[in-house]
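Worksheet for the structure shown next.
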Amino acid sequence: YMQSKLLNFPDQLKWQPVIVGGGAISPAKFYLLCGMGGSALAGGLLTVCEPTIPLAIHRDYGLPPLTKFDSQPSPLVIISSFSGNTEETLDAYDSARAAGRSLISITAGLPDGKAGGELLARARRDSVPHIILPVPTIPPRLAVGYFLKALALITGASPVATELEALAANLDWPTLESDGRALAGRLLNRLPLIYSSQRYAPLAYFWKIMLNETAKIPAFSNVVPEQNHNELESLGHSPATPFTVIILAGEDDHSRVTRRFASLIDVLSPLNVPIEQVFLTGATSTGRVINSILLASFTALALAETRGIDPSATSVIEDFKRRLTNQ
């Protein structure tokens, strides 16, 4: 099921989002994306595609007490929840409304109101502009293409949107799937530590999330050079721990970061820490993001298949949510 949805990914890149309700929105000098899990992933990825977009991400209740946020003359708060029922995100919506912030929401649903959850209901009630994502039945982490297109529209990143549409017809599916399956074989029974430059940190985080939710394995991400100043030391004293280091290397990384990746390999190899160098392929930042998203997804799906588990179910998370609801 998940693989069929993943193979429909080009449709996400070609999708044309529409802002409805509450009238048109004006360009903002600052954007604050409030969302959790897969509903927030595209925010960081968009800033990798276009680093000049002034967008910050808030993964929590309420709004952040940030001086920068409060000082902006016309910030736009983007409330993003695929289900429309995310507790933390609904609280952020109410906090933004109470603070008199300009708002727009993103949720999955159908025009007849059968889906979209509480967020869509509140947006309609309050005449808040909103974007409705199609196909509300897929996992949010697999809807990252839809979220990217929606955020590109909101932030005025039309060049990114145009490039995403062009990429839809030029994805190398056989290579990405083959490479993902091969990498999954080497990650079986391993604990992935995913490292990237600061520029590609949202992409490393995406890998972590896909491996956590789809393959159902612990995985962690960090950035270089910061990793070299703390986490690196721990790897030299944990010989029995089944780590595998995954390095996401981009051709536009700072030259000293590239050198640090090479030194990291030199230091860890004698310690018998397996290392996977994953070079980010693509002619542009947007191309590298999309190719890596798909590689991470194919890797996680193949791992789930090998382990004989359902990649789409998130039973532990759902049980946790039920316990919160009953408290």
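Residue numbers start at 1 in each chain; chains themselves are named A, B, ... in the order of the structure tokens; ligands are numbered from 1 in the order shown.
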According to DSSP computed on the backbone, where in region 134-204 of chain A is there strand (DSSP E)? Give the residues as a ChimeraX atom specification.
/A:191-197
Write the selection just made, keeping N, CA, C and O atoms, as a PDB file, in the first residue's frame?
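Saved the output as out_25.pdb:
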ATOM      1  N   LEU A 191      21.627   0.553  14.096  1.00  0.00           N
ATOM      2  CA  LEU A 191      21.048   1.785  14.621  1.00  0.00           C
ATOM      3  C   LEU A 191      21.622   2.954  13.819  1.00  0.00           C
ATOM      4  O   LEU A 191      22.784   3.308  14.003  1.00  0.00           O
ATOM      5  N   PRO A 192      20.856   3.557  12.911  1.00  0.00           N
ATOM      6  CA  PRO A 192      21.400   4.605  12.041  1.00  0.00           C
ATOM      7  C   PRO A 192      21.620   5.941  12.770  1.00  0.00           C
ATOM      8  O   PRO A 192      20.751   6.421  13.500  1.00  0.00           O
ATOM      9  N   LEU A 193      22.788   6.506  12.563  1.00  0.00           N
ATOM     10  CA  LEU A 193      23.114   7.866  12.989  1.00  0.00           C
ATOM     11  C   LEU A 193      23.324   8.667  11.706  1.00  0.00           C
ATOM     12  O   LEU A 193      24.277   8.420  10.972  1.00  0.00           O
ATOM     13  N   ILE A 194      22.438   9.604  11.442  1.00  0.00           N
ATOM     14  CA  ILE A 194      22.430  10.297  10.155  1.00  0.00           C
ATOM     15  C   ILE A 194      23.037  11.680  10.329  1.00  0.00           C
ATOM     16  O   ILE A 194      22.550  12.486  11.128  1.00  0.00           O
ATOM     17  N   TYR A 195      24.095  11.957   9.576  1.00  0.00           N
ATOM     18  CA  TYR A 195      24.799  13.230   9.686  1.00  0.00           C
ATOM     19  C   TYR A 195      24.770  13.962   8.346  1.00  0.00           C
ATOM     20  O   TYR A 195      24.906  13.364   7.272  1.00  0.00           O
ATOM     21  N   SER A 196      24.616  15.283   8.452  1.00  0.00           N
ATOM     22  CA  SER A 196      24.636  16.141   7.262  1.00  0.00           C
ATOM     23  C   SER A 196      25.266  17.461   7.650  1.00  0.00           C
ATOM     24  O   SER A 196      25.570  17.707   8.825  1.00  0.00           O
ATOM     25  N   SER A 197      25.439  18.332   6.670  1.00  0.00           N
ATOM     26  CA  SER A 197      25.810  19.713   6.974  1.00  0.00           C
ATOM     27  C   SER A 197      24.596  20.419   7.564  1.00  0.00           C
ATOM     28  O   SER A 197      23.464  19.925   7.489  1.00  0.00           O
TER      29      SER A 197
END
Can you pull out every residue within 12 Å of Pro174 (chain A), counting only C-alpha atoms, but drop anything in the same chain fewer than 4 positions away, and send it as a ChimeraX atom specification?
/A:7,170,178-181,291,294-295,298
Tell me, as a tab-separated table (two decimals) with C-alpha atoms, in the first residue's frame, which residues lie within 10 Å of Leu187 (chain A), counting only C-alpha atoms; anything in the same chain fewer than 5 positions away does not count.
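Saved the output as result38.tsv:
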chain	number	residue	atom	x	y	z
A	181	ARG	CA	16.84	-1.74	-1.09
A	182	ALA	CA	20.59	-2.21	-1.07
A	192	PRO	CA	21.40	4.61	12.04
A	242	PRO	CA	25.40	-1.57	16.54
A	243	PHE	CA	25.70	1.92	15.06
A	244	THR	CA	25.83	2.65	11.37
A	245	VAL	CA	26.79	6.18	10.40
A	246	ILE	CA	25.00	7.59	7.36
A	274	PRO	CA	30.12	0.98	9.55
A	276	GLU	CA	27.41	4.74	4.51
A	299	THR	CA	15.10	2.43	2.24
A	300	ALA	CA	12.59	2.54	5.09
A	303	LEU	CA	13.59	-2.39	5.89
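Near Leu76 (chain A), within 9 Å and counting only C-alpha atoms, sit Ser26, Pro27, Ala28, Lys29, Phe30, Tyr31, Leu32, Leu33, Arg101, Ser102, Leu103 and Ile104 of chain A, not including residues fewer than 3 positions from it in the same chain.
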Store the residues picked out above in a file with N, CA, C and O atoms, as a PDB file, in the first residue's frame.
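Okay, again_35.pdb is ready:
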ATOM      1  N   SER A  26      -1.406  38.197   1.870  1.00  0.00           N
ATOM      2  CA  SER A  26      -0.348  39.084   1.388  1.00  0.00           C
ATOM      3  C   SER A  26       1.006  38.485   1.721  1.00  0.00           C
ATOM      4  O   SER A  26       1.138  37.754   2.723  1.00  0.00           O
ATOM      5  N   PRO A  27       2.036  38.771   0.924  1.00  0.00           N
ATOM      6  CA  PRO A  27       3.386  38.294   1.257  1.00  0.00           C
ATOM      7  C   PRO A  27       3.801  38.795   2.630  1.00  0.00           C
ATOM      8  O   PRO A  27       3.488  39.929   3.015  1.00  0.00           O
ATOM      9  N   ALA A  28       4.491  37.966   3.368  1.00  0.00           N
ATOM     10  CA  ALA A  28       4.927  38.323   4.719  1.00  0.00           C
ATOM     11  C   ALA A  28       6.442  38.423   4.766  1.00  0.00           C
ATOM     12  O   ALA A  28       7.144  37.835   3.945  1.00  0.00           O
ATOM     13  N   LYS A  29       6.939  39.150   5.756  1.00  0.00           N
ATOM     14  CA  LYS A  29       8.382  39.245   5.951  1.00  0.00           C
ATOM     15  C   LYS A  29       8.914  38.103   6.799  1.00  0.00           C
ATOM     16  O   LYS A  29      10.120  37.902   6.890  1.00  0.00           O
ATOM     17  N   PHE A  30       7.993  37.363   7.418  1.00  0.00           N
ATOM     18  CA  PHE A  30       8.398  36.258   8.282  1.00  0.00           C
ATOM     19  C   PHE A  30       7.262  35.255   8.355  1.00  0.00           C
ATOM     20  O   PHE A  30       6.089  35.641   8.432  1.00  0.00           O
ATOM     21  N   TYR A  31       7.610  33.949   8.330  1.00  0.00           N
ATOM     22  CA  TYR A  31       6.606  32.890   8.398  1.00  0.00           C
ATOM     23  C   TYR A  31       6.932  31.972   9.574  1.00  0.00           C
ATOM     24  O   TYR A  31       8.080  31.577   9.769  1.00  0.00           O
ATOM     25  N   LEU A  32       5.908  31.644  10.338  1.00  0.00           N
ATOM     26  CA  LEU A  32       6.064  30.700  11.441  1.00  0.00           C
ATOM     27  C   LEU A  32       5.158  29.509  11.162  1.00  0.00           C
ATOM     28  O   LEU A  32       3.931  29.643  11.141  1.00  0.00           O
ATOM     29  N   LEU A  33       5.758  28.353  10.919  1.00  0.00           N
ATOM     30  CA  LEU A  33       5.011  27.137  10.649  1.00  0.00           C
ATOM     31  C   LEU A  33       4.827  26.366  11.948  1.00  0.00           C
ATOM     32  O   LEU A  33       5.798  25.961  12.589  1.00  0.00           O
ATOM     33  N   ARG A 101      -2.792  37.270  15.394  1.00  0.00           N
ATOM     34  CA  ARG A 101      -1.846  37.031  14.307  1.00  0.00           C
ATOM     35  C   ARG A 101      -2.587  36.730  12.996  1.00  0.00           C
ATOM     36  O   ARG A 101      -3.693  36.196  13.002  1.00  0.00           O
ATOM     37  N   SER A 102      -1.941  37.052  11.896  1.00  0.00           N
ATOM     38  CA  SER A 102      -2.447  36.647  10.593  1.00  0.00           C
ATOM     39  C   SER A 102      -2.240  35.144  10.457  1.00  0.00           C
ATOM     40  O   SER A 102      -1.184  34.618  10.813  1.00  0.00           O
ATOM     41  N   LEU A 103      -3.240  34.460   9.927  1.00  0.00           N
ATOM     42  CA  LEU A 103      -3.223  33.002   9.927  1.00  0.00           C
ATOM     43  C   LEU A 103      -3.570  32.431   8.561  1.00  0.00           C
ATOM     44  O   LEU A 103      -4.330  33.026   7.792  1.00  0.00           O
ATOM     45  N   ILE A 104      -3.022  31.253   8.297  1.00  0.00           N
ATOM     46  CA  ILE A 104      -3.482  30.399   7.212  1.00  0.00           C
ATOM     47  C   ILE A 104      -3.266  28.974   7.667  1.00  0.00           C
ATOM     48  O   ILE A 104      -2.318  28.691   8.417  1.00  0.00           O
TER      49      ILE A 104
END
Mind checking which residues fall within 10 Å of Asn85 (chain A), counting only C-alpha atoms, ignoring those fewer than 6 positions away in the same chain, and posting them as JSON, numbers by chain?
{"A": [107, 116, 117, 118, 119, 120]}
How would you write, as a ChimeraX atom specification, the set of residues in region 171-327 of chain A that DSSP gives as helix (DSSP H, G or I)?
/A:173-187,198-213,226-229,231-235,255-271,285-307,315-325
For Pro10 (chain A): contacts at 10 Å, only C-alpha atoms, fewer than 3 positions along chain excluded, given as number ranges by chain:
A: 6-7, 13-15, 145, 164-171
Pick out the closest residue to Ala42 (chain A) from this set: A:Pro65, A:Pro140, A:Gly308, A:Pro54. Count only C-alpha atoms.
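Among the listed residues, A:Pro140 lies closest to Ala42 (chain A).
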Spatial neighbours of Ser83 (chain A), max dist 12 Å, only C-alpha atoms, sep filter under 4 positions, as a PyMOL selection string:
chain A and resi 35-39+79+87+89-90+105-110+114-121+132-141+143
Grab the CA of Leu63 (chain A) to CA of Glu88 (chain A) distance for me, in Å with one decimal place.
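Interatomic distance, CA of Leu63 (chain A) to CA of Glu88 (chain A): 10.1 Å.
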One residue among A:Ala302, A:Val273, A:Val257, A:Leu268 is nearest to Thr241 (chain A) when using only C-alpha atoms, and that residue is A:Val273
